>>> print(open('protein_0.txt').read())   # compact mmCIF, C-alpha atoms and all ligand atoms
# COMPACT_ATOMS: atom_id res chain seq x y z
CA MET A 1 -251.90 4.01 -117.14
CA LYS A 2 -253.77 5.62 -114.27
CA LYS A 3 -252.56 9.05 -113.27
CA THR A 4 -250.79 9.47 -109.92
CA ARG A 5 -253.36 11.78 -108.34
CA ASP A 6 -256.20 9.46 -109.34
CA ILE A 7 -254.47 6.48 -107.71
CA CYS A 8 -253.97 8.43 -104.48
CA THR A 9 -257.64 9.40 -104.33
CA HIS A 10 -259.67 6.63 -105.97
CA GLU A 11 -257.70 3.39 -106.50
CA SER A 12 -259.59 0.23 -105.36
CA GLU A 13 -262.60 2.28 -104.32
CA SER A 14 -264.78 -0.77 -104.77
CA ASN A 15 -263.19 -2.12 -101.56
CA ILE A 16 -264.74 0.64 -99.49
CA GLY A 17 -267.73 -1.50 -98.67
CA GLU A 18 -270.78 -0.75 -96.62
CA TYR A 19 -272.80 2.47 -96.10
CA SER A 20 -271.56 4.14 -99.33
CA ALA A 21 -269.14 6.17 -97.20
CA VAL A 22 -266.86 8.38 -99.28
CA SER A 23 -264.02 7.96 -96.79
CA MET A 24 -262.81 4.44 -95.99
CA PRO A 25 -264.09 3.50 -92.51
CA ILE A 26 -261.58 2.52 -89.83
CA VAL A 27 -262.42 -1.15 -89.44
CA GLN A 28 -261.38 -1.26 -85.80
CA THR A 29 -261.64 -4.96 -85.10
CA SER A 30 -259.15 -7.62 -84.12
CA SER A 31 -261.17 -10.52 -85.48
CA PHE A 32 -263.70 -11.30 -88.24
CA LYS A 33 -266.54 -13.81 -87.92
CA PHE A 34 -267.51 -16.54 -90.36
CA ASN A 35 -270.97 -17.43 -91.66
CA SER A 36 -270.27 -21.14 -91.50
CA TYR A 37 -267.52 -23.60 -90.80
CA GLU A 38 -267.09 -24.07 -94.59
CA ASP A 39 -266.69 -20.32 -94.88
CA PHE A 40 -263.96 -20.44 -92.21
CA LEU A 41 -262.17 -23.29 -94.02
CA ASP A 42 -262.14 -21.27 -97.27
CA ILE A 43 -260.73 -18.20 -95.57
CA VAL A 44 -258.11 -19.95 -93.48
CA SER A 45 -256.61 -21.43 -96.64
CA ASP A 46 -255.99 -17.97 -98.13
CA GLU A 47 -255.55 -15.59 -95.23
CA LYS A 48 -253.65 -12.90 -97.12
CA ASN A 49 -256.58 -12.33 -99.47
CA SER A 50 -259.33 -12.57 -96.86
CA TYR A 51 -260.18 -11.24 -93.44
CA MET A 52 -259.75 -13.45 -90.38
CA TYR A 53 -257.58 -11.62 -87.90
CA THR A 54 -256.10 -8.09 -88.07
CA ARG A 55 -252.52 -9.32 -87.48
CA GLY A 56 -252.89 -10.67 -91.02
CA SER A 57 -255.25 -8.52 -93.11
CA ASN A 58 -257.73 -5.75 -92.44
CA PRO A 59 -259.93 -3.86 -94.96
CA THR A 60 -258.61 -0.40 -94.01
CA THR A 61 -255.03 -1.65 -94.29
CA LYS A 62 -255.81 -3.47 -97.54
CA LEU A 63 -256.95 -0.24 -99.22
CA ILE A 64 -253.75 1.66 -98.44
CA GLU A 65 -251.77 -1.40 -99.59
CA ASN A 66 -253.60 -1.45 -102.92
CA ARG A 67 -252.96 2.25 -103.44
CA LEU A 68 -249.27 2.13 -102.49
CA ALA A 69 -248.67 -0.89 -104.74
CA LYS A 70 -250.31 0.83 -107.72
CA LEU A 71 -248.51 4.11 -107.07
CA GLU A 72 -245.09 2.44 -106.98
CA GLY A 73 -245.79 0.31 -110.07
CA GLY A 74 -245.61 -2.94 -108.10
CA GLU A 75 -248.02 -5.88 -107.96
CA ALA A 76 -248.58 -5.94 -104.21
CA CYS A 77 -247.80 -4.13 -100.97
CA LYS A 78 -247.70 -4.97 -97.27
CA VAL A 79 -247.94 -2.20 -94.73
CA PHE A 80 -246.15 -2.45 -91.34
CA SER A 81 -246.16 -0.79 -87.92
CA SER A 82 -242.98 1.17 -88.77
CA GLY A 83 -240.35 1.59 -91.47
CA MET A 84 -238.01 -0.54 -89.36
CA ALA A 85 -240.63 -3.31 -89.09
CA ALA A 86 -240.89 -3.28 -92.90
CA ILE A 87 -237.08 -3.41 -93.26
CA THR A 88 -236.42 -6.09 -90.63
CA SER A 89 -239.35 -8.29 -91.73
CA THR A 90 -238.16 -8.12 -95.35
CA LEU A 91 -234.53 -8.94 -94.53
CA PHE A 92 -235.57 -11.77 -92.18
CA THR A 93 -237.64 -13.23 -95.00
CA MET A 94 -235.01 -12.86 -97.73
CA LEU A 95 -231.92 -14.03 -95.82
CA LYS A 96 -230.82 -17.26 -94.18
CA SER A 97 -227.79 -18.44 -92.27
CA GLY A 98 -224.70 -18.41 -94.48
CA ASP A 99 -225.93 -15.59 -96.77
CA HIS A 100 -224.15 -12.30 -97.44
CA ILE A 101 -225.74 -8.87 -97.89
CA LEU A 102 -224.03 -6.09 -99.82
CA THR A 103 -224.96 -2.49 -99.04
CA ILE A 104 -224.08 0.38 -101.38
CA GLY A 105 -223.57 3.90 -100.07
CA THR A 106 -224.77 5.37 -96.79
CA ILE A 107 -227.70 3.52 -95.27
CA TYR A 108 -230.14 4.63 -92.52
CA GLY A 109 -228.36 4.04 -89.18
CA GLN A 110 -230.93 1.73 -87.61
CA THR A 111 -230.95 -0.43 -90.76
CA VAL A 112 -227.16 -0.76 -90.54
CA SER A 113 -227.51 -1.78 -86.86
CA PHE A 114 -229.95 -4.52 -87.85
CA ILE A 115 -227.75 -5.76 -90.72
CA LYS A 116 -224.84 -5.97 -88.26
CA TYR A 117 -227.10 -7.74 -85.75
CA LEU A 118 -227.79 -10.42 -88.38
CA SER A 119 -224.22 -11.70 -87.86
CA LYS A 120 -225.72 -13.42 -84.81
CA PHE A 121 -227.57 -15.61 -87.33
CA ASN A 122 -224.45 -16.10 -89.47
CA VAL A 123 -225.43 -13.52 -92.11
CA SER A 124 -222.40 -11.46 -93.16
CA TYR A 125 -222.35 -8.04 -94.80
CA SER A 126 -220.08 -5.61 -96.58
CA ASN A 127 -220.47 -2.06 -97.85
CA ILE A 128 -219.10 -0.25 -100.90
CA ALA A 129 -219.40 3.43 -101.73
CA SER A 130 -219.33 3.01 -105.50
CA ASP A 131 -221.92 2.03 -108.10
CA GLU A 132 -219.33 1.38 -110.82
CA LYS A 133 -220.00 -1.95 -112.53
CA MET A 134 -216.51 -3.26 -111.76
CA ASP A 135 -216.66 -2.33 -108.09
CA ILE A 136 -220.03 -4.01 -107.58
CA GLU A 137 -218.97 -7.13 -109.45
CA SER A 138 -215.86 -7.51 -107.34
CA ALA A 139 -217.83 -6.94 -104.11
CA ILE A 140 -220.33 -9.70 -104.93
CA LYS A 141 -219.54 -12.99 -103.23
CA GLU A 142 -220.75 -16.47 -104.03
CA ASN A 143 -223.22 -16.25 -101.13
CA THR A 144 -224.46 -12.67 -101.78
CA LYS A 145 -228.23 -12.86 -101.62
CA VAL A 146 -229.31 -9.24 -101.25
CA ILE A 147 -228.04 -5.84 -102.44
CA TYR A 148 -229.51 -3.07 -100.28
CA ILE A 149 -229.40 0.60 -101.26
CA GLU A 150 -230.77 4.05 -100.51
CA SER A 151 -230.70 6.58 -103.31
CA PRO A 152 -230.21 9.38 -102.54
CA SER A 153 -228.25 8.27 -99.49
CA SER A 154 -228.66 10.05 -96.17
CA GLN A 155 -226.56 13.14 -95.20
CA HIS A 156 -224.57 13.44 -98.47
CA MET A 157 -227.64 12.77 -100.67
CA ARG A 158 -225.63 10.79 -103.22
CA LEU A 159 -227.53 9.12 -106.03
CA TYR A 160 -226.71 5.61 -107.23
CA ASP A 161 -227.30 4.12 -110.67
CA LEU A 162 -230.33 1.86 -110.09
CA GLU A 163 -230.28 0.41 -113.61
CA VAL A 164 -226.61 -0.64 -113.39
CA ILE A 165 -227.13 -2.15 -109.93
CA SER A 166 -230.28 -4.09 -110.83
CA LYS A 167 -228.73 -5.48 -114.06
CA ILE A 168 -225.67 -6.86 -112.25
CA ALA A 169 -227.87 -8.22 -109.45
CA LYS A 170 -230.19 -10.02 -111.90
CA LYS A 171 -227.23 -11.62 -113.67
CA ASN A 172 -226.03 -12.95 -110.31
CA ASN A 173 -229.44 -14.01 -108.99
CA ILE A 174 -229.36 -11.40 -106.24
CA ILE A 175 -232.43 -9.62 -104.85
CA THR A 176 -232.24 -5.82 -104.89
CA ILE A 177 -233.91 -3.75 -102.16
CA ILE A 178 -234.17 0.05 -102.11
CA ASP A 179 -235.28 2.33 -99.32
CA ASN A 180 -237.21 4.92 -101.39
CA THR A 181 -238.41 7.03 -98.44
CA TRP A 182 -236.72 10.24 -99.61
CA SER A 183 -238.24 10.40 -103.10
CA THR A 184 -241.54 8.58 -102.57
CA ALA A 185 -243.12 7.01 -105.65
CA ILE A 186 -244.06 10.54 -106.75
CA PHE A 187 -240.45 11.36 -107.70
CA GLN A 188 -238.70 8.00 -108.20
CA LYS A 189 -239.99 4.63 -109.45
CA PRO A 190 -237.23 2.05 -108.78
CA ILE A 191 -239.31 -0.94 -109.95
CA GLU A 192 -239.31 0.51 -113.48
CA TRP A 193 -235.48 0.27 -113.38
CA GLY A 194 -235.52 -3.38 -112.34
CA ILE A 195 -235.21 -3.05 -108.54
CA ASP A 196 -237.05 -5.98 -106.90
CA ILE A 197 -238.29 -4.58 -103.58
CA VAL A 198 -239.15 -1.00 -102.58
CA ILE A 199 -239.40 -0.06 -98.91
CA HIS A 200 -240.79 3.11 -97.36
CA SER A 201 -240.86 4.60 -93.93
CA CYS A 202 -244.43 5.93 -94.17
CA SER A 203 -243.64 7.95 -91.04
CA LYS A 204 -242.12 10.55 -93.40
CA TYR A 205 -243.79 12.02 -96.53
CA ILE A 206 -246.49 9.37 -96.96
CA GLY A 207 -247.79 9.92 -93.41
CA GLY A 208 -247.04 13.56 -94.04
CA SER A 209 -248.39 15.12 -90.85
CA SER A 210 -245.94 13.97 -88.15
CA ASP A 211 -248.65 11.93 -86.47
CA VAL A 212 -248.06 8.33 -87.60
CA VAL A 213 -245.27 5.73 -87.55
CA ALA A 214 -245.63 3.10 -90.30
CA GLY A 215 -243.79 1.34 -93.11
CA ALA A 216 -244.47 -0.37 -96.43
CA VAL A 217 -242.94 -2.98 -98.74
CA ILE A 218 -243.86 -3.10 -102.44
CA SER A 219 -242.81 -5.78 -104.91
CA LYS A 220 -244.04 -8.63 -107.13
CA ARG A 221 -246.93 -10.60 -105.68
CA ASP A 222 -244.94 -13.76 -104.87
CA ILE A 223 -242.28 -11.77 -103.00
CA VAL A 224 -244.86 -9.80 -100.98
CA ASP A 225 -246.71 -13.07 -100.22
CA ASP A 226 -243.46 -14.55 -98.93
CA ILE A 227 -242.83 -11.48 -96.74
CA PHE A 228 -246.46 -11.62 -95.53
CA GLU A 229 -246.31 -15.29 -94.56
CA ASN A 230 -242.90 -15.07 -92.92
CA GLY A 231 -241.63 -11.68 -91.76
CA HIS A 232 -245.04 -10.05 -91.28
CA GLN A 233 -247.01 -12.91 -89.72
CA THR A 234 -244.27 -14.23 -87.46
CA LEU A 235 -242.70 -10.96 -86.29
CA GLY A 236 -246.09 -9.26 -86.04
CA GLY A 237 -245.15 -5.67 -86.97
CA VAL A 238 -248.75 -4.92 -87.94
CA SER A 239 -250.11 -1.50 -88.88
CA SER A 240 -253.15 -0.69 -86.75
CA PRO A 241 -256.38 0.05 -88.70
CA PHE A 242 -256.25 3.63 -87.38
CA ASN A 243 -252.69 4.17 -88.62
CA SER A 244 -253.60 2.65 -92.00
CA TRP A 245 -256.50 5.10 -92.15
CA LEU A 246 -254.17 8.03 -91.35
CA LEU A 247 -252.00 6.91 -94.28
CA LEU A 248 -255.04 6.78 -96.59
CA ARG A 249 -256.02 10.25 -95.51
CA SER A 250 -252.53 11.64 -96.15
CA LEU A 251 -252.04 9.82 -99.43
CA THR A 252 -254.79 11.87 -101.06
CA THR A 253 -252.61 14.98 -100.71
CA LEU A 254 -249.17 13.37 -101.27
CA PRO A 255 -248.79 14.48 -104.92
CA ILE A 256 -249.71 18.11 -104.21
CA ARG A 257 -247.57 18.21 -101.06
CA MET A 258 -244.57 16.85 -102.98
CA LYS A 259 -245.09 19.46 -105.69
CA GLN A 260 -244.92 22.19 -103.03
CA HIS A 261 -241.87 20.60 -101.31
CA ASP A 262 -240.12 20.53 -104.70
CA GLU A 263 -240.88 24.21 -105.32
CA SER A 264 -239.89 25.29 -101.81
CA VAL A 265 -236.64 23.31 -101.63
CA ARG A 266 -235.43 24.85 -104.91
CA LYS A 267 -236.05 28.33 -103.48
CA VAL A 268 -234.25 27.53 -100.21
CA ILE A 269 -231.28 26.01 -102.06
CA ASP A 270 -231.09 28.98 -104.47
CA PHE A 271 -230.78 31.20 -101.40
CA LEU A 272 -228.17 28.96 -99.69
CA LYS A 273 -226.12 28.89 -102.92
CA SER A 274 -226.08 32.68 -103.04
CA ASP A 275 -224.86 33.08 -99.45
CA SER A 276 -221.09 33.07 -98.85
CA ARG A 277 -221.56 31.89 -95.26
CA ILE A 278 -222.58 28.46 -96.57
CA LYS A 279 -219.66 26.22 -97.53
CA ALA A 280 -221.40 23.23 -99.10
CA ILE A 281 -224.90 22.04 -99.96
CA TYR A 282 -225.83 18.39 -100.39
CA HIS A 283 -228.95 17.83 -102.50
CA PRO A 284 -229.55 16.44 -106.02
CA TYR A 285 -230.95 19.82 -107.18
CA CYS A 286 -227.48 21.40 -106.92
CA SER A 287 -225.39 18.35 -107.87
CA GLU A 288 -222.84 18.32 -110.68
CA GLY A 289 -221.28 15.93 -113.18
CA LYS A 290 -222.37 12.30 -112.96
CA GLN A 291 -224.61 13.05 -109.97
CA LYS A 292 -226.51 15.58 -112.08
CA GLU A 293 -226.96 13.02 -114.84
CA LEU A 294 -228.31 10.49 -112.35
CA ALA A 295 -230.72 13.08 -110.97
CA LYS A 296 -231.99 13.73 -114.50
CA LYS A 297 -232.35 10.00 -115.19
CA TYR A 298 -234.08 8.91 -112.00
CA LEU A 299 -235.80 11.84 -110.30
CA SER A 300 -238.89 13.54 -111.69
CA GLY A 301 -238.81 16.04 -108.83
CA TYR A 302 -236.89 16.99 -105.69
CA SER A 303 -237.98 16.19 -102.21
CA SER A 304 -237.07 18.59 -99.48
CA LEU A 305 -234.52 17.03 -97.13
CA LEU A 306 -231.03 18.42 -97.65
CA SER A 307 -227.78 19.01 -95.82
CA PHE A 308 -225.38 21.92 -95.77
CA GLU A 309 -222.22 23.07 -94.00
CA LEU A 310 -221.33 26.45 -92.55
CA VAL A 311 -218.03 28.06 -93.59
CA ASP A 312 -216.38 27.33 -90.24
CA ASN A 313 -216.42 24.54 -87.70
CA ASP A 314 -216.88 26.51 -84.46
CA PHE A 315 -219.13 24.36 -82.26
CA ASN A 316 -220.33 27.31 -80.17
CA LYS A 317 -221.36 29.14 -83.32
CA LEU A 318 -223.21 26.04 -84.47
CA ILE A 319 -225.17 25.89 -81.20
CA LYS A 320 -226.05 29.59 -81.40
CA PHE A 321 -227.04 29.23 -85.05
CA VAL A 322 -229.42 26.32 -84.46
CA ASP A 323 -230.96 27.98 -81.40
CA SER A 324 -231.69 31.15 -83.41
CA PHE A 325 -234.37 29.63 -85.63
CA LYS A 326 -237.99 30.61 -85.11
CA LEU A 327 -239.83 28.62 -87.81
CA PHE A 328 -237.53 25.62 -88.17
CA THR A 329 -238.01 23.21 -85.27
CA ILE A 330 -235.13 21.25 -83.72
CA GLY A 331 -236.21 17.64 -84.08
CA VAL A 332 -235.68 14.22 -85.62
CA SER A 333 -237.66 12.56 -88.41
CA TRP A 334 -239.01 14.61 -91.37
CA GLY A 335 -241.68 14.48 -94.07
CA GLY A 336 -244.35 16.30 -92.08
CA PHE A 337 -245.72 19.84 -92.44
CA GLU A 338 -243.12 21.41 -90.14
CA SER A 339 -239.63 22.47 -91.19
CA LEU A 340 -236.80 20.95 -89.18
CA ILE A 341 -233.15 21.55 -88.45
CA LEU A 342 -230.68 19.09 -86.90
CA PRO A 343 -226.86 19.16 -86.93
CA ALA A 344 -225.01 15.84 -87.31
CA ASN A 345 -222.54 17.02 -84.66
CA LYS A 346 -223.62 15.87 -81.20
CA GLY A 347 -220.49 17.22 -79.52
CA ILE A 348 -219.32 13.69 -78.70
CA ASN A 349 -219.24 11.96 -82.07
CA HIS A 350 -216.18 13.52 -83.75
CA GLU A 351 -214.62 10.15 -84.63
CA ASP A 352 -217.86 8.86 -86.10
CA LEU A 353 -218.35 12.03 -88.18
CA LYS A 354 -214.78 11.80 -89.46
CA ALA A 355 -215.21 8.12 -90.39
CA ARG A 356 -218.38 8.96 -92.32
CA GLY A 357 -216.81 11.98 -94.05
CA ILE A 358 -219.29 14.35 -92.43
CA GLY A 359 -218.09 17.88 -91.58
CA GLU A 360 -218.22 19.33 -88.05
CA SER A 361 -220.75 21.97 -89.13
CA HIS A 362 -222.88 19.59 -91.20
CA ILE A 363 -226.59 20.38 -90.71
CA ARG A 364 -229.64 18.50 -91.92
CA LEU A 365 -232.48 20.73 -93.02
CA TYR A 366 -236.01 19.68 -93.81
CA VAL A 367 -238.14 22.14 -95.78
CA GLY A 368 -241.77 21.79 -94.73
CA LEU A 369 -244.98 23.38 -95.94
CA GLU A 370 -244.56 26.87 -94.47
CA ASP A 371 -244.15 29.82 -96.82
CA PRO A 372 -240.70 29.38 -98.45
CA GLU A 373 -239.94 33.11 -98.18
CA SER A 374 -240.53 32.98 -94.42
CA LEU A 375 -238.21 29.96 -94.18
CA ILE A 376 -235.49 31.80 -96.10
CA ASP A 377 -235.88 34.81 -93.79
CA ASP A 378 -235.52 32.47 -90.82
CA ILE A 379 -232.24 31.05 -92.17
CA LYS A 380 -230.96 34.55 -93.01
CA THR A 381 -231.74 35.83 -89.50
CA ALA A 382 -229.99 32.86 -87.88
CA LEU A 383 -226.90 33.38 -90.10
CA ASP A 384 -226.85 37.07 -89.17
CA LYS A 385 -226.83 36.12 -85.48
CA ILE A 386 -223.51 34.28 -85.80
CA TYR A 387 -221.82 36.22 -88.61
CA ILE A 388 -222.36 39.83 -87.60
C1 LIG B 401 -237.15 7.10 -90.80
C2 LIG B 401 -236.48 6.22 -91.76
C3 LIG B 401 -236.51 4.82 -91.62
C4 LIG B 401 -237.15 4.14 -90.44
O1 LIG B 401 -238.52 4.29 -90.45
P1 LIG B 401 -239.43 4.30 -89.10
O2 LIG B 401 -240.79 4.48 -89.63
O3 LIG B 401 -238.93 5.45 -88.27
O4 LIG B 401 -239.21 2.99 -88.44
C5 LIG B 401 -235.90 4.06 -92.60
N1 LIG B 401 -235.28 4.64 -93.65
C6 LIG B 401 -235.23 5.96 -93.82
C7 LIG B 401 -234.54 6.54 -95.01
C8 LIG B 401 -235.82 6.80 -92.88
O5 LIG B 401 -235.75 8.12 -93.04
>>> encode(input="protein_0.txt", output="structure tokens")
Amino acid sequence: MKKTRDICTHESESNIGEYSAVSMPIVQTSSFKFNSYEDFLDIVSDEKNSYMYTRGSNPTTKLIENRLAKLEGGEACKVFSSGMAAITSTLFTMLKSGDHILTIGTIYGQTVSFIKYLSKFNVSYSNIASDEKMDIESAIKENTKVIYIESPSSQHMRLYDLEVISKIAKKNNIITIIDNTWSTAIFQKPIEWGIDIVIHSCSKYIGGSSDVVAGAVISKRDIVDDIFENGHQTLGGVSSPFNSWLLLRSLTTLPIRMKQHDESVRKVIDFLKSDSRIKAIYHPYCSEGKQKELAKKYLSGYSSLLSFELVDNDFNKLIKFVDSFKLFTIGVSWGGFESLILPANKGINHEDLKARGIGESHIRLYVGLEDPESLIDDIKTALDKIYI
């Protein structure tokens, strides 16, 4: 089997084409011409494997698709204009009126909004928090078509047992979909555990530089072909050649960036664990019991998005704390070079936080590529500002 770093740098190099350029050119064209009418007829019959129009396929996009498919251990990949375009196009393709979708654990907010929106098309949904065999089996309905998970889940970073879930789903003829954005294929390979479809927001680690919004779907060839012909072609959430090129450029450094994120997040968590002003930390690296076993089974490394809570719930202290950071930026998204901090508390969402079991001082922290010692100093200084 090809090694991860070699896939990220050299997979499908033969596709690079003209001029012997080392870097894949940005094939910035909307349309491709044909040498003859016969040539056109050949291509139009197999658009996904040929170049006709960039809403379908494009050589720059094709190369990143080949690399992402190989990296994830899937047969094929389709890249999209955003993570949400990948998610919505996949669900549109997989579901029809009368179907039911089961979600397990906490799911990305915008994905939940879309799943709820599908009720307009007579697609129902339910959510369970458990991955126990019995609980899943009793939540499955006759019309359940898709089980959708994120592992680890957002905010509480809970891991779910992919093998258990995929086995039950297969027995019941249900398609399993995982949002693997947090781990990337570098740290978790859901297809090896029987999960059918892997989705990524490439706006995070894969893009890696906070300069691109994109998404990807990886699966067996027939499933990706179905998503291409339906969700991708009809909804049109196409990755531009330039964005596909940015992904190619970032993919070459993904394995070494993830290695650094893993090292840095362990250091930051070791510090947080040692500080009595921190009440709780949510991240697989410091999990216990069954969660620790799941981390050992599924994760070959730790990515660097975590959550923690301060010892008290004073909102004014929280504001002062967050405003005291120098290196951590206040901002949404994650996966880029820059460290980020963002509390879940927006001052107006107490009921929502309570319903989701999220504490008033719950803070999401993203550990970027700065020096980990400087990041720890930044956290220490901010804590000192509020706990004198
Ligand atoms: C950001 C994110 C998405 C959405 O991706 P976009 O590229 O922003 O559309 C989906 N899932 C997870 C886990 C994310 O973090």
>>> closest_residue(input="protein_0.txt", among="A:Ser374, A:Ser183, A:Asn58, A:Asn122", to="Gly98 in chain A", atoms="only C-alpha atoms")
A:Asn122
>>> atom_distance(input="protein_0.txt", atom1="CA of Asp179 in chain A", atom2="CA of Ala129 in chain A")
16.1 Å
>>> residues_around(input="protein_0.txt", residues="range 232-246 of chain A", least_positions_apart="3", cutoff="10 Å", atoms="all atoms listed in the file", output="MDAnalysis selection string")
chainID A and resid 23:30 48 54:65 78:86 88:90 92:93 202 206:209 211:216 224:229 249:251
>>> write_last_selection(input="protein_0.txt", atoms="C-alpha atoms", output="tab-separated table (two decimals), keeping the file's coordinate frame")
chain	number	residue	atom	x	y	z
A	23	SER	CA	-264.02	7.96	-96.79
A	24	MET	CA	-262.81	4.44	-95.99
A	25	PRO	CA	-264.09	3.50	-92.51
A	26	ILE	CA	-261.58	2.52	-89.83
A	27	VAL	CA	-262.42	-1.15	-89.44
A	28	GLN	CA	-261.38	-1.26	-85.80
A	29	THR	CA	-261.64	-4.96	-85.10
A	30	SER	CA	-259.15	-7.62	-84.12
A	48	LYS	CA	-253.65	-12.90	-97.12
A	54	THR	CA	-256.10	-8.09	-88.07
A	55	ARG	CA	-252.52	-9.32	-87.48
A	56	GLY	CA	-252.89	-10.67	-91.02
A	57	SER	CA	-255.25	-8.52	-93.11
A	58	ASN	CA	-257.73	-5.75	-92.44
A	59	PRO	CA	-259.93	-3.86	-94.96
A	60	THR	CA	-258.61	-0.40	-94.01
A	61	THR	CA	-255.03	-1.65	-94.29
A	62	LYS	CA	-255.81	-3.47	-97.54
A	63	LEU	CA	-256.95	-0.24	-99.22
A	64	ILE	CA	-253.75	1.66	-98.44
A	65	GLU	CA	-251.77	-1.40	-99.59
A	78	LYS	CA	-247.70	-4.97	-97.27
A	79	VAL	CA	-247.94	-2.20	-94.73
A	80	PHE	CA	-246.15	-2.45	-91.34
A	81	SER	CA	-246.16	-0.79	-87.92
A	82	SER	CA	-242.98	1.17	-88.77
A	83	GLY	CA	-240.35	1.59	-91.47
A	84	MET	CA	-238.01	-0.54	-89.36
A	85	ALA	CA	-240.63	-3.31	-89.09
A	86	ALA	CA	-240.89	-3.28	-92.90
A	88	THR	CA	-236.42	-6.09	-90.63
A	89	SER	CA	-239.35	-8.29	-91.73
A	90	THR	CA	-238.16	-8.12	-95.35
A	92	PHE	CA	-235.57	-11.77	-92.18
A	93	THR	CA	-237.64	-13.23	-95.00
A	202	CYS	CA	-244.43	5.93	-94.17
A	206	ILE	CA	-246.49	9.37	-96.96
A	207	GLY	CA	-247.79	9.92	-93.41
A	208	GLY	CA	-247.04	13.56	-94.04
A	209	SER	CA	-248.39	15.12	-90.85
A	211	ASP	CA	-248.65	11.93	-86.47
A	212	VAL	CA	-248.06	8.33	-87.60
A	213	VAL	CA	-245.27	5.73	-87.55
A	214	ALA	CA	-245.63	3.10	-90.30
A	215	GLY	CA	-243.79	1.34	-93.11
A	216	ALA	CA	-244.47	-0.37	-96.43
A	224	VAL	CA	-244.86	-9.80	-100.98
A	225	ASP	CA	-246.71	-13.07	-100.22
A	226	ASP	CA	-243.46	-14.55	-98.93
A	227	ILE	CA	-242.83	-11.48	-96.74
A	228	PHE	CA	-246.46	-11.62	-95.53
A	229	GLU	CA	-246.31	-15.29	-94.56
A	249	ARG	CA	-256.02	10.25	-95.51
A	250	SER	CA	-252.53	11.64	-96.15
A	251	LEU	CA	-252.04	9.82	-99.43
>>> closest_residue(input="protein_0.txt", among="A:His350, A:His261, A:His200, A:His100", to="ligand LIG 401 (chain B)", atoms="only C-alpha atoms and all ligand atoms")
A:His200
>>> residues_around(input="protein_0.txt", residues="Thr4 in chain A", least_positions_apart="4", cutoff="12 Å", atoms="all atoms listed in the file", output="PDB file with C-alpha atoms, in the coordinates of the input")
ATOM      1  CA  CYS A   8    -253.970   8.430-104.480  1.00  0.00           C
ATOM      2  CA  THR A   9    -257.640   9.400-104.330  1.00  0.00           C
ATOM      3  CA  HIS A  10    -259.670   6.630-105.970  1.00  0.00           C
ATOM      4  CA  GLU A  11    -257.700   3.390-106.500  1.00  0.00           C
ATOM      5  CA  ARG A  67    -252.960   2.250-103.440  1.00  0.00           C
ATOM      6  CA  LEU A  68    -249.270   2.130-102.490  1.00  0.00           C
ATOM      7  CA  ALA A  69    -248.670  -0.890-104.740  1.00  0.00           C
ATOM      8  CA  LYS A  70    -250.310   0.830-107.720  1.00  0.00           C
ATOM      9  CA  LEU A  71    -248.510   4.110-107.070  1.00  0.00           C
ATOM     10  CA  GLU A  72    -245.090   2.440-106.980  1.00  0.00           C
ATOM     11  CA  GLY A  73    -245.790   0.310-110.070  1.00  0.00           C
ATOM     12  CA  THR A 184    -241.540   8.580-102.570  1.00  0.00           C
ATOM     13  CA  ALA A 185    -243.120   7.010-105.650  1.00  0.00           C
ATOM     14  CA  ILE A 186    -244.060  10.540-106.750  1.00  0.00           C
ATOM     15  CA  PHE A 187    -240.450  11.360-107.700  1.00  0.00           C
ATOM     16  CA  LYS A 189    -239.990   4.630-109.450  1.00  0.00           C
ATOM     17  CA  LEU A 251    -252.040   9.820 -99.430  1.00  0.00           C
ATOM     18  CA  THR A 252    -254.790  11.870-101.060  1.00  0.00           C
ATOM     19  CA  THR A 253    -252.610  14.980-100.710  1.00  0.00           C
ATOM     20  CA  LEU A 254    -249.170  13.370-101.270  1.00  0.00           C
ATOM     21  CA  PRO A 255    -248.790  14.480-104.920  1.00  0.00           C
ATOM     22  CA  ILE A 256    -249.710  18.110-104.210  1.00  0.00           C
ATOM     23  CA  MET A 258    -244.570  16.850-102.980  1.00  0.00           C
TER      24      MET A 258
END
>>> atom_distance(input="protein_0.txt", atom1="CA of Ile199 in chain A", atom2="CA of Ile87 in chain A")
7.0 Å
>>> atom_distance(input="protein_0.txt", atom1="CA of Tyr148 in chain A", atom2="CA of Ile174 in chain A")
10.2 Å
>>> residues_around(input="protein_0.txt", residues="Asp196 in chain A", least_positions_apart="6", cutoff="7 Å", atoms="only C-alpha atoms", output="ChimeraX atom specification")
/A:175-177,219
>>> residues_near_point(input="protein_0.txt", point="(-222.8, 13.6, -104.3)", cutoff="7 Å", atoms="all atoms listed in the file", output="PyMOL selection string")
chain A and resi 156-159+282+287+291
>>> closest_residue(input="protein_0.txt", among="A:Phe328, A:Tyr53, A:Tyr298, A:Tyr285", to="Ser151 in chain A", atoms="only C-alpha atoms")
A:Tyr298
>>> residues_around(input="protein_0.txt", residues="Lys145 in chain A", least_positions_apart="2", cutoff="9 Å", atoms="only C-alpha atoms", output="list in words")
Met94, Leu95, Asp99, His100, Ile101, Leu102, Lys141, Glu142, Asn143, Ile147, Asn172, Asn173, Ile174, Ile175 and Thr176 of chain A
>>> axis_aligned_box(input="protein_0.txt", around="range 337-342 of chain A", padding_each_side="3 Å", output="lines of an AutoDock Vina configuration file")
center_x = -238.2
center_y = 20.8
center_z = -89.7
size_x = 21.0
size_y = 9.4
size_z = 11.5
>>> closest_residue(input="protein_0.txt", among="A:Glu150, A:Glu18, A:Glu75, A:Glu47", to="ligand LIG 401 (chain B)", atoms="all atoms listed in the file")
A:Glu150
